[in-house]
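K.L.:
For reference, the file structure_5.cif (mmCIF, C-alpha atoms and all ligand atoms) is included below:
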data_target
loop_
_atom_site.group_PDB
_atom_site.id
_atom_site.type_symbol
_atom_site.label_atom_id
_atom_site.label_comp_id
_atom_site.auth_asym_id
_atom_site.auth_seq_id
_atom_site.Cartn_x
_atom_site.Cartn_y
_atom_site.Cartn_z
ATOM 1 C CA MET H 16 -15.409 9.516 5.077
ATOM 2 C CA ASP H 17 -15.539 11.246 1.686
ATOM 3 C CA ASN H 18 -13.209 14.178 2.235
ATOM 4 C CA LEU H 19 -11.403 13.609 -1.085
ATOM 5 C CA ALA H 20 -14.523 13.100 -3.220
ATOM 6 C CA GLY H 21 -13.950 14.506 -6.699
ATOM 7 C CA LYS H 22 -10.235 15.038 -6.118
ATOM 8 C CA SER H 23 -7.510 13.304 -8.054
ATOM 9 C CA MET H 24 -4.718 11.841 -5.933
ATOM 10 C CA MET H 25 -1.365 10.445 -7.056
ATOM 11 C CA ILE H 26 0.543 8.104 -4.724
ATOM 12 C CA THR H 27 4.049 6.770 -5.411
ATOM 13 C CA GLY H 28 5.183 3.419 -4.041
ATOM 14 C CA ALA H 29 1.525 2.362 -3.992
ATOM 15 C CA ALA H 30 2.122 -1.338 -4.686
ATOM 16 C CA ARG H 31 2.687 -2.338 -1.075
ATOM 17 C CA GLY H 32 3.249 -1.188 2.491
ATOM 18 C CA VAL H 33 2.513 2.384 3.496
ATOM 19 C CA GLY H 34 1.728 3.466 -0.089
ATOM 20 C CA ARG H 35 -0.814 0.692 -0.445
ATOM 21 C CA GLY H 36 -2.423 1.792 2.841
ATOM 22 C CA ILE H 37 -2.654 5.364 1.546
ATOM 23 C CA ALA H 38 -4.185 4.134 -1.717
ATOM 24 C CA LEU H 39 -6.863 2.121 0.122
ATOM 25 C CA ALA H 40 -7.653 5.098 2.371
ATOM 26 C CA GLY H 41 -7.800 7.407 -0.662
ATOM 27 C CA ALA H 42 -10.264 5.002 -2.262
ATOM 28 C CA ARG H 43 -12.450 5.000 0.858
ATOM 29 C CA ALA H 44 -12.337 8.818 0.774
ATOM 30 C CA GLY H 45 -13.750 8.739 -2.772
ATOM 31 C CA ALA H 46 -10.689 10.074 -4.636
ATOM 32 C CA LYS H 47 -9.770 9.504 -8.282
ATOM 33 C CA LEU H 48 -6.538 7.565 -7.855
ATOM 34 C CA TRP H 49 -3.307 7.522 -9.817
ATOM 35 C CA LEU H 50 -1.176 4.721 -8.365
ATOM 36 C CA VAL H 51 2.531 4.715 -9.235
ATOM 37 C CA ASP H 52 5.132 2.001 -8.630
ATOM 38 C CA ARG H 53 7.832 0.124 -10.534
ATOM 39 C CA ASP H 54 6.334 -3.249 -9.501
ATOM 40 C CA GLU H 55 3.547 -3.687 -12.044
ATOM 41 C CA ALA H 56 2.060 -6.946 -10.711
ATOM 42 C CA ALA H 57 1.759 -5.778 -7.101
ATOM 43 C CA LEU H 58 0.461 -2.399 -8.275
ATOM 44 C CA LYS H 59 -2.396 -4.099 -10.153
ATOM 45 C CA GLU H 60 -3.267 -6.077 -6.997
ATOM 46 C CA THR H 61 -3.462 -2.849 -4.981
ATOM 47 C CA ALA H 62 -5.617 -1.250 -7.680
ATOM 48 C CA GLU H 63 -8.080 -4.156 -7.511
ATOM 49 C CA GLU H 64 -8.427 -3.623 -3.742
ATOM 50 C CA CYS H 65 -9.211 0.090 -4.079
ATOM 51 C CA ARG H 66 -12.946 -0.121 -3.559
ATOM 52 C CA GLY H 67 -14.847 3.156 -3.221
ATOM 53 C CA ALA H 68 -12.550 5.192 -5.455
ATOM 54 C CA GLU H 69 -14.178 7.272 -8.187
ATOM 55 C CA SER H 70 -11.565 5.809 -10.568
ATOM 56 C CA VAL H 71 -8.253 3.951 -10.307
ATOM 57 C CA GLU H 72 -5.416 4.164 -12.843
ATOM 58 C CA THR H 73 -1.959 2.637 -12.533
ATOM 59 C CA LEU H 74 1.363 3.973 -13.817
ATOM 60 C CA THR H 75 4.253 1.509 -13.878
ATOM 61 C CA LEU H 76 7.225 3.792 -13.566
ATOM 62 C CA ASP H 77 10.665 4.034 -12.003
ATOM 63 C CA ILE H 78 10.278 7.449 -10.412
ATOM 64 C CA THR H 79 14.034 8.125 -10.640
ATOM 65 C CA ASP H 80 13.623 8.367 -14.436
ATOM 66 C CA VAL H 81 12.999 12.116 -14.561
ATOM 67 C CA GLU H 82 12.272 12.266 -18.303
ATOM 68 C CA ALA H 83 9.716 9.441 -18.069
ATOM 69 C CA VAL H 84 8.079 11.118 -15.063
ATOM 70 C CA ARG H 85 7.808 14.441 -16.917
ATOM 71 C CA ALA H 86 6.395 12.765 -20.038
ATOM 72 C CA GLN H 87 3.772 10.830 -18.035
ATOM 73 C CA ILE H 88 2.634 13.760 -15.911
ATOM 74 C CA ALA H 89 2.369 16.042 -18.960
ATOM 75 C CA VAL H 90 -0.359 13.891 -20.537
ATOM 76 C CA LEU H 91 -2.468 13.558 -17.367
ATOM 77 C CA GLY H 92 -5.324 15.845 -16.358
ATOM 78 C CA PRO H 93 -5.453 17.823 -13.107
ATOM 79 C CA ILE H 94 -3.842 16.354 -9.988
ATOM 80 C CA ASP H 95 -5.090 17.746 -6.661
ATOM 81 C CA VAL H 96 -3.042 15.642 -4.236
ATOM 82 C CA LEU H 97 0.451 14.182 -4.616
ATOM 83 C CA VAL H 98 1.842 11.772 -2.022
ATOM 84 C CA ASN H 99 5.593 11.243 -2.422
ATOM 85 C CA ASN H 100 5.758 7.919 -0.590
ATOM 86 C CA ALA H 101 8.121 5.618 -2.534
ATOM 87 C CA GLY H 102 11.340 5.130 -0.628
ATOM 88 C CA ILE H 103 14.168 2.690 -0.030
ATOM 89 C CA MET H 104 16.430 2.004 2.941
ATOM 90 C CA GLN H 105 19.619 0.066 3.338
ATOM 91 C CA THR H 106 21.381 -0.904 6.583
ATOM 92 C CA LYS H 107 25.151 -0.721 6.043
ATOM 93 C CA SER H 108 28.038 0.337 8.222
ATOM 94 C CA PHE H 109 29.797 3.612 7.436
ATOM 95 C CA PHE H 110 32.915 2.213 5.734
ATOM 96 C CA GLU H 111 30.949 -0.244 3.594
ATOM 97 C CA ILE H 112 28.747 2.320 1.882
ATOM 98 C CA GLU H 113 29.547 2.471 -1.835
ATOM 99 C CA GLU H 114 28.965 5.433 -4.122
ATOM 100 C CA GLU H 115 26.115 3.581 -5.845
ATOM 101 C CA ASP H 116 24.412 2.931 -2.458
ATOM 102 C CA TRP H 117 24.487 6.654 -1.724
ATOM 103 C CA ASP H 118 23.282 7.632 -5.196
ATOM 104 C CA ARG H 119 20.420 5.101 -5.271
ATOM 105 C CA VAL H 120 18.951 6.045 -1.883
ATOM 106 C CA LEU H 121 19.208 9.782 -2.534
ATOM 107 C CA ALA H 122 17.791 9.348 -6.051
ATOM 108 C CA VAL H 123 14.621 7.536 -4.931
ATOM 109 C CA ASN H 124 13.960 9.242 -1.605
ATOM 110 C CA LEU H 125 14.866 12.835 -2.412
ATOM 111 C CA LYS H 126 15.632 13.590 -6.054
ATOM 112 C CA ALA H 127 12.551 11.766 -7.377
ATOM 113 C CA ALA H 128 10.309 13.547 -4.845
ATOM 114 C CA PHE H 129 11.699 16.875 -6.052
ATOM 115 C CA PHE H 130 11.212 16.266 -9.773
ATOM 116 C CA LEU H 131 7.794 14.668 -9.386
ATOM 117 C CA SER H 132 6.710 17.629 -7.254
ATOM 118 C CA GLN H 133 8.094 19.966 -9.899
ATOM 119 C CA ALA H 134 6.052 18.280 -12.656
ATOM 120 C CA VAL H 135 2.860 17.978 -10.601
ATOM 121 C CA GLY H 136 3.337 21.325 -8.837
ATOM 122 C CA LYS H 137 3.202 23.111 -12.208
ATOM 123 C CA LYS H 138 -0.293 21.689 -12.743
ATOM 124 C CA MET H 139 -1.310 22.587 -9.195
ATOM 125 C CA MET H 140 -0.168 26.179 -9.684
ATOM 126 C CA GLU H 141 -2.251 26.426 -12.846
ATOM 127 C CA GLN H 142 -5.188 24.953 -10.914
ATOM 128 C CA LYS H 143 -4.439 27.495 -8.116
ATOM 129 C CA GLN H 144 -4.790 24.726 -5.543
ATOM 130 C CA GLY H 145 -3.238 21.440 -4.499
ATOM 131 C CA SER H 146 -1.668 19.525 -1.660
ATOM 132 C CA ILE H 147 1.631 17.639 -1.601
ATOM 133 C CA VAL H 148 2.362 15.236 1.253
ATOM 134 C CA ASN H 149 5.902 13.872 1.527
ATOM 135 C CA ILE H 150 6.555 10.696 3.482
ATOM 136 C CA ALA H 151 9.729 11.350 5.465
ATOM 137 C CA SER H 152 10.649 9.372 8.605
ATOM 138 C CA VAL H 153 11.563 9.791 12.253
ATOM 139 C CA ALA H 154 15.074 9.162 10.825
ATOM 140 C CA ALA H 155 14.938 12.715 9.453
ATOM 141 C CA ARG H 156 15.645 14.061 12.947
ATOM 142 C CA TRP H 157 17.549 11.195 14.569
ATOM 143 C CA PRO H 158 21.089 10.066 13.842
ATOM 144 C CA ARG H 159 21.062 6.870 11.785
ATOM 145 C CA PRO H 160 24.670 5.590 11.977
ATOM 146 C CA LEU H 161 23.772 2.390 10.119
ATOM 147 C CA ALA H 162 21.673 4.048 7.436
ATOM 148 C CA MET H 163 23.370 7.370 6.754
ATOM 149 C CA PRO H 164 22.215 7.908 3.152
ATOM 150 C CA TYR H 165 18.639 7.186 4.306
ATOM 151 C CA GLY H 166 18.796 9.613 7.261
ATOM 152 C CA VAL H 167 20.302 12.310 5.052
ATOM 153 C CA SER H 168 17.665 11.743 2.369
ATOM 154 C CA LYS H 169 14.819 12.028 4.875
ATOM 155 C CA SER H 170 16.278 15.203 6.458
ATOM 156 C CA GLY H 171 16.392 16.482 2.894
ATOM 157 C CA VAL H 172 12.723 15.595 2.443
ATOM 158 C CA LEU H 173 11.841 17.827 5.417
ATOM 159 C CA SER H 174 13.950 20.656 3.986
ATOM 160 C CA LEU H 175 12.269 20.169 0.602
ATOM 161 C CA THR H 176 8.861 20.228 2.314
ATOM 162 C CA ARG H 177 9.536 23.577 3.975
ATOM 163 C CA SER H 178 11.112 25.137 0.875
ATOM 164 C CA MET H 179 8.281 24.021 -1.414
ATOM 165 C CA ALA H 180 5.692 25.221 1.129
ATOM 166 C CA ALA H 181 7.310 28.677 1.070
ATOM 167 C CA PHE H 182 7.523 28.670 -2.738
ATOM 168 C CA PHE H 183 3.979 27.477 -3.399
ATOM 169 C CA GLY H 184 2.171 29.212 -0.510
ATOM 170 C CA GLU H 185 0.869 32.194 -2.483
ATOM 171 C CA HIS H 186 -0.361 29.860 -5.249
ATOM 172 C CA GLY H 187 -2.732 27.899 -3.008
ATOM 173 C CA VAL H 188 -0.562 24.779 -2.973
ATOM 174 C CA ARG H 189 0.203 23.338 0.474
ATOM 175 C CA VAL H 190 3.160 21.046 1.204
ATOM 176 C CA ASN H 191 3.509 18.965 4.361
ATOM 177 C CA ALA H 192 5.346 15.856 5.545
ATOM 178 C CA VAL H 193 4.464 12.808 7.617
ATOM 179 C CA CYS H 194 7.232 11.099 9.583
ATOM 180 C CA PRO H 195 6.389 7.432 10.216
ATOM 181 C CA GLY H 196 8.100 5.460 12.981
ATOM 182 C CA ALA H 197 8.649 1.702 12.752
ATOM 183 C CA MET H 198 6.020 0.423 10.315
ATOM 184 C CA ASP H 199 4.885 -3.146 9.821
ATOM 185 C CA THR H 200 5.856 -3.443 6.124
ATOM 186 C CA GLU H 201 8.247 -5.366 3.880
ATOM 187 C CA MET H 202 10.800 -2.579 4.347
ATOM 188 C CA LEU H 203 10.972 -3.318 8.076
ATOM 189 C CA GLN H 204 11.267 -7.061 7.374
ATOM 190 C CA ARG H 205 14.312 -6.295 5.200
ATOM 191 C CA ILE H 206 15.774 -4.035 7.906
ATOM 192 C CA GLY H 207 15.338 -6.896 10.412
ATOM 193 C CA GLN H 208 17.260 -9.232 8.092
ATOM 194 C CA GLU H 209 20.045 -6.705 7.503
ATOM 195 C CA ARG H 210 20.441 -5.986 11.228
ATOM 196 C CA ALA H 211 20.468 -9.694 12.060
ATOM 197 C CA HIS H 212 23.219 -10.103 9.447
ATOM 198 C CA LEU H 213 25.267 -7.306 11.049
ATOM 199 C CA PHE H 214 24.673 -8.115 14.733
ATOM 200 C CA GLY H 215 23.622 -11.765 14.834
ATOM 201 C CA GLY H 216 20.328 -12.966 16.320
ATOM 202 C CA SER H 217 17.166 -13.389 14.294
ATOM 203 C CA PRO H 218 15.343 -10.813 12.115
ATOM 204 C CA GLU H 219 12.340 -11.147 14.469
ATOM 205 C CA GLU H 220 14.515 -10.174 17.465
ATOM 206 C CA ALA H 221 15.920 -7.231 15.516
ATOM 207 C CA ILE H 222 12.376 -5.975 14.840
ATOM 208 C CA LEU H 223 11.385 -6.470 18.487
ATOM 209 C CA ASP H 224 14.304 -4.178 19.404
ATOM 210 C CA TYR H 225 12.454 -1.460 17.510
ATOM 211 C CA VAL H 226 9.232 -2.005 19.421
ATOM 212 C CA GLY H 227 10.848 -1.788 22.891
ATOM 213 C CA PRO H 228 11.238 2.005 23.082
ATOM 214 C CA ILE H 229 7.885 2.847 21.429
ATOM 215 C CA PRO H 230 5.569 4.203 24.175
ATOM 216 C CA MET H 231 2.467 2.753 22.490
ATOM 217 C CA GLY H 232 4.147 -0.667 22.431
ATOM 218 C CA ARG H 233 3.441 -1.706 18.846
ATOM 219 C CA LEU H 234 4.609 -1.241 15.272
ATOM 220 C CA GLY H 235 2.672 1.195 13.113
ATOM 221 C CA GLN H 236 0.275 -0.079 10.462
ATOM 222 C CA PRO H 237 0.022 1.508 7.008
ATOM 223 C CA THR H 238 -3.481 2.724 7.835
ATOM 224 C CA ASP H 239 -2.077 4.732 10.789
ATOM 225 C CA VAL H 240 0.017 6.794 8.365
ATOM 226 C CA ALA H 241 -2.715 6.857 5.729
ATOM 227 C CA GLU H 242 -5.236 8.617 7.993
ATOM 228 C CA ALA H 243 -2.699 11.361 8.792
ATOM 229 C CA VAL H 244 -1.899 11.775 5.082
ATOM 230 C CA LEU H 245 -5.580 12.068 4.226
ATOM 231 C CA PHE H 246 -6.074 14.766 6.843
ATOM 232 C CA LEU H 247 -3.114 16.816 5.565
ATOM 233 C CA ALA H 248 -4.270 16.334 1.967
ATOM 234 C CA SER H 249 -7.838 17.412 2.688
ATOM 235 C CA ASP H 250 -9.413 20.865 2.958
ATOM 236 C CA GLN H 251 -9.672 20.280 6.717
ATOM 237 C CA ALA H 252 -5.948 21.132 6.780
ATOM 238 C CA ARG H 253 -6.461 24.271 4.653
ATOM 239 C CA TYR H 254 -4.215 26.507 6.832
ATOM 240 C CA ILE H 255 -1.467 23.938 7.457
ATOM 241 C CA THR H 256 1.648 24.059 5.282
ATOM 242 C CA GLY H 257 5.379 23.476 5.730
ATOM 243 C CA GLN H 258 4.753 21.154 8.701
ATOM 244 C CA SER H 259 5.797 17.614 9.563
ATOM 245 C CA LEU H 260 3.691 15.244 11.624
ATOM 246 C CA ASN H 261 5.189 12.279 13.473
ATOM 247 C CA VAL H 262 3.082 9.109 13.240
ATOM 248 C CA CYS H 263 5.169 6.843 15.419
ATOM 249 C CA GLY H 264 3.299 5.802 18.581
ATOM 250 C CA GLY H 265 5.213 8.439 20.546
ATOM 251 C CA TRP H 266 8.643 7.036 19.627
ATOM 252 C CA GLN H 267 9.857 10.538 18.735
ATOM 253 C CA MET H 268 8.314 13.542 20.474
ATOM 254 C CA VAL H 269 10.013 16.527 18.836
HETATM 255 N N1 LIG H 301 8.649 0.813 7.054
HETATM 256 C C1 LIG H 301 9.068 1.676 7.944
HETATM 257 O O1 LIG H 301 9.356 1.320 9.095
HETATM 258 C C2 LIG H 301 9.168 3.145 7.595
HETATM 259 C C3 LIG H 301 9.521 4.044 8.607
HETATM 260 C C4 LIG H 301 9.626 5.389 8.308
HETATM 261 C C5 LIG H 301 9.398 5.853 7.027
HETATM 262 N N2 LIG H 301 9.060 4.955 6.053
HETATM 263 C C6 LIG H 301 8.874 5.481 4.703
HETATM 264 O O2 LIG H 301 7.587 5.133 4.227
HETATM 265 C C7 LIG H 301 7.634 4.996 2.798
HETATM 266 C C8 LIG H 301 7.043 3.660 2.396
HETATM 267 O O3 LIG H 301 7.795 2.625 3.047
HETATM 268 P P1 LIG H 301 7.301 1.114 3.102
HETATM 269 O O4 LIG H 301 7.692 0.596 4.422
HETATM 270 O O5 LIG H 301 5.903 1.011 2.646
HETATM 271 O O6 LIG H 301 8.310 0.493 1.993
HETATM 272 P P2 LIG H 301 8.137 -0.853 1.093
HETATM 273 O O7 LIG H 301 9.541 -1.227 0.727
HETATM 274 O O8 LIG H 301 7.304 -1.839 1.798
HETATM 275 O O9 LIG H 301 7.382 -0.310 -0.207
HETATM 276 C C9 LIG H 301 7.974 0.690 -1.009
HETATM 277 C C10 LIG H 301 7.332 0.707 -2.393
HETATM 278 O O10 LIG H 301 8.014 1.731 -3.154
HETATM 279 C C11 LIG H 301 8.281 1.222 -4.452
HETATM 280 N N3 LIG H 301 9.456 1.869 -5.036
HETATM 281 C C12 LIG H 301 10.715 1.884 -4.535
HETATM 282 N N4 LIG H 301 11.540 2.504 -5.375
HETATM 283 C C13 LIG H 301 10.790 2.901 -6.434
HETATM 284 C C14 LIG H 301 11.091 3.594 -7.645
HETATM 285 N N5 LIG H 301 12.328 3.972 -7.961
HETATM 286 N N6 LIG H 301 10.071 3.845 -8.509
HETATM 287 C C15 LIG H 301 8.806 3.435 -8.231
HETATM 288 N N7 LIG H 301 8.477 2.768 -7.107
HETATM 289 C C16 LIG H 301 9.461 2.508 -6.220
HETATM 290 C C17 LIG H 301 8.530 -0.279 -4.232
HETATM 291 O O11 LIG H 301 8.343 -1.037 -5.426
HETATM 292 C C18 LIG H 301 7.510 -0.607 -3.153
HETATM 293 O O12 LIG H 301 6.273 -1.021 -3.709
HETATM 294 C C19 LIG H 301 9.108 5.168 2.398
HETATM 295 O O13 LIG H 301 9.353 6.487 1.978
HETATM 296 C C20 LIG H 301 9.831 4.889 3.693
HETATM 297 O O14 LIG H 301 11.105 5.504 3.744
HETATM 298 C C21 LIG H 301 8.932 3.609 6.305
#
How does the structure come out when it is put into structure tokens?
Ligand SMILES: NC(=O)c1ccc[n+]([C@@H]2O[C@H](COP(=O)([O-])OP(=O)(O)OC[C@H]3O[C@@H](n4cnc5c(N)ncnc54)[C@H](O)[C@@H]3O)[C@@H](O)[C@H]2O)c1
P.N.:
Amino acid sequence: MDNLAGKSMMITGAARGVGRGIALAGARAGAKLWLVDRDEAALKETAEECRGAESVETLTLDITDVEAVRAQIAVLGPIDVLVNNAGIMQTKSFFEIEEEDWDRVLAVNLKAAFFLSQAVGKKMMEQKQGSIVNIASVAARWPRPLAMPYGVSKSGVLSLTRSMAAFFGEHGVRVNAVCPGAMDTEMLQRIGQERAHLFGGSPEEAILDYVGPIPMGRLGQPTDVAEAVLFLASDQARYITGQSLNVCGGWQMV
């Protein structure tokens, strides 16, 4: 597969999990990679694994720092594909959520995706082409009573996807979203621990509770999401914009 050959692709949250899977797939597709994360050591490890890429550069950055994001993007060359993947989740009951919990989740999952898209989207408009893929979640459409800031942020990501698709459409820039289900990453391990803390039982049992209702009977792997992202990012999806694609083993069917 070389459907991103010659294209430059920026992925946030690329140090581990889903973002790492997207980076490895982007490398196999022959892209020039810009990998972004705040965890420098893990980011370097991912970069070393990215075999097949035309080039691999890393940017150690907290994406909630809007000024730093703008300054970094301004000095880069063209960017053809942006994957807004970095995200955080916290399991907390309604009355325990603090203002800083709300602000942190919304800042990483939604605000950072907006301002990074604004900085990169300006380049894409000048290039008269580009593709932005936002990683949302099945939580965007389902109630999440134990992760309300997260659910709200991911619903916001879908709204942002549609609004940016409408804004950028005439400029040749497409914007789509992928909604993963329960993915086998460190984030899910943390969710298992938090749910075990709230409800008792072990983290492993809490994760198994997620698997039960998934028709395909397994957790998703980062590569499952990565292949969908690559399709939406590629010219094969040239007439697809403003859409969201569930990658969840059939867990959510709307
Ligand atoms: N794991 C799941 O079950 C699941 C389900 C649905 C959606 N998602 C979404 O997929 C995306 C990736 O999730 P994951 O499971 O790989 O998570 P993860 O926690 O395993 O990895 C997230 C990465 O993002 C980076 N990151 C977080 N905040 C950052 C910031 N401010 N600046 C720079 N980097 C930052 C972290 O350092 C980490 O490397 C997220 O948007 C998440 O909401 C995950």
K.L.:
Taking all atoms listed in the file into account, which of H:Thr79, H:Thr61, H:Thr176, H:Asn100 comes nearest Thr27 in chain H?
P.N.:
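For Thr27 in chain H, the nearest of the given residues is H:Asn100.
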K.L.:
Restricting the calculation to only C-alpha atoms: of H:Ala134, H:Ala57, H:Cys65, H:Cys194, which residue gets closest to Ala83 in chain H?
P.N.:
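Looking at the shortest contact to Ala83 in chain H, the residue is H:Ala134.
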K.L.:
CA of Val33 in chain H and atom C1 of ligand LIG 301 (chain H), how far apart in Å?
P.N.:
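Taking atom C1 of ligand LIG 301 (chain H) and CA of Val33 in chain H, their separation equals 8.0 Å.
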K.L.:
Could you tell me, as a CSV table (one decimal) with C-alpha atoms, in the coordinates of the input, exactly which residues end up selected when the PyMOL selection byres (((not hetatm)) within 7 of (chain H and resi 301)) is applied to this structure?
P.N.:
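For reference, expr-v3.csv as written:
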chain,number,residue,atom,x,y,z
H,27,THR,CA,4.0,6.8,-5.4
H,28,GLY,CA,5.2,3.4,-4.0
H,29,ALA,CA,1.5,2.4,-4.0
H,30,ALA,CA,2.1,-1.3,-4.7
H,31,ARG,CA,2.7,-2.3,-1.1
H,32,GLY,CA,3.2,-1.2,2.5
H,33,VAL,CA,2.5,2.4,3.5
H,34,GLY,CA,1.7,3.5,-0.1
H,51,VAL,CA,2.5,4.7,-9.2
H,52,ASP,CA,5.1,2.0,-8.6
H,53,ARG,CA,7.8,0.1,-10.5
H,54,ASP,CA,6.3,-3.2,-9.5
H,76,LEU,CA,7.2,3.8,-13.6
H,77,ASP,CA,10.7,4.0,-12.0
H,78,ILE,CA,10.3,7.4,-10.4
H,79,THR,CA,14.0,8.1,-10.6
H,100,ASN,CA,5.8,7.9,-0.6
H,101,ALA,CA,8.1,5.6,-2.5
H,102,GLY,CA,11.3,5.1,-0.6
H,103,ILE,CA,14.2,2.7,0.0
H,104,MET,CA,16.4,2.0,2.9
H,123,VAL,CA,14.6,7.5,-4.9
H,124,ASN,CA,14.0,9.2,-1.6
H,150,ILE,CA,6.6,10.7,3.5
H,151,ALA,CA,9.7,11.4,5.5
H,152,SER,CA,10.6,9.4,8.6
H,153,VAL,CA,11.6,9.8,12.3
H,194,CYS,CA,7.2,11.1,9.6
H,195,PRO,CA,6.4,7.4,10.2
H,196,GLY,CA,8.1,5.5,13.0
H,197,ALA,CA,8.6,1.7,12.8
H,198,MET,CA,6.0,0.4,10.3
H,199,ASP,CA,4.9,-3.1,9.8
H,200,THR,CA,5.9,-3.4,6.1
H,201,GLU,CA,8.2,-5.4,3.9
H,202,MET,CA,10.8,-2.6,4.3
H,203,LEU,CA,11.0,-3.3,8.1
K.L.:
Please measure the separation of CA of Asp118 in chain H and CA of Val167 in chain H, giving the value in Å to one decimal.
P.N.:
11.7 Å
K.L.:
Taking (12.3, 14.6, -14.4) in the file's own coordinates, collect the residues within 12 Å, counting all atoms listed in the file, and hand them back as a list in words.
P.N.:
Leu76, Asp77, Ile78, Thr79, Asp80, Val81, Glu82, Ala83, Val84, Arg85, Ala86, Gln87, Ile88, Ala89, Ala122, Lys126, Ala127, Ala128, Phe129, Phe130, Leu131, Ser132, Gln133, Ala134 and Val135 of chain H
K.L.:
What does the structure give for the distance between CA of Leu19 in chain H and CA of Ser146 in chain H, in Å to one decimal?
P.N.:
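Separation between CA of Leu19 in chain H and CA of Ser146 in chain H: 11.4 Å.
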K.L.:
Extract, using all atoms listed in the file, all DNA, RNA and protein residues at most 12 Å from Lys137 in chain H, discarding same-chain residues fewer than 6 positions from it, and format them as a ChimeraX atom specification.
P.N.:
/H:85,88-89,92-95,130-131,143-145,179,182-183,186-188
K.L.:
Given the PyMOL selection byres (((chain H and resi 263) around 12) and not hetatm) and the file above, list the residues it selects as a ChimeraX atom specification.
P.N.:
/H:151-154,193-199,225-226,228-237,239-240,243,260-262,264-269
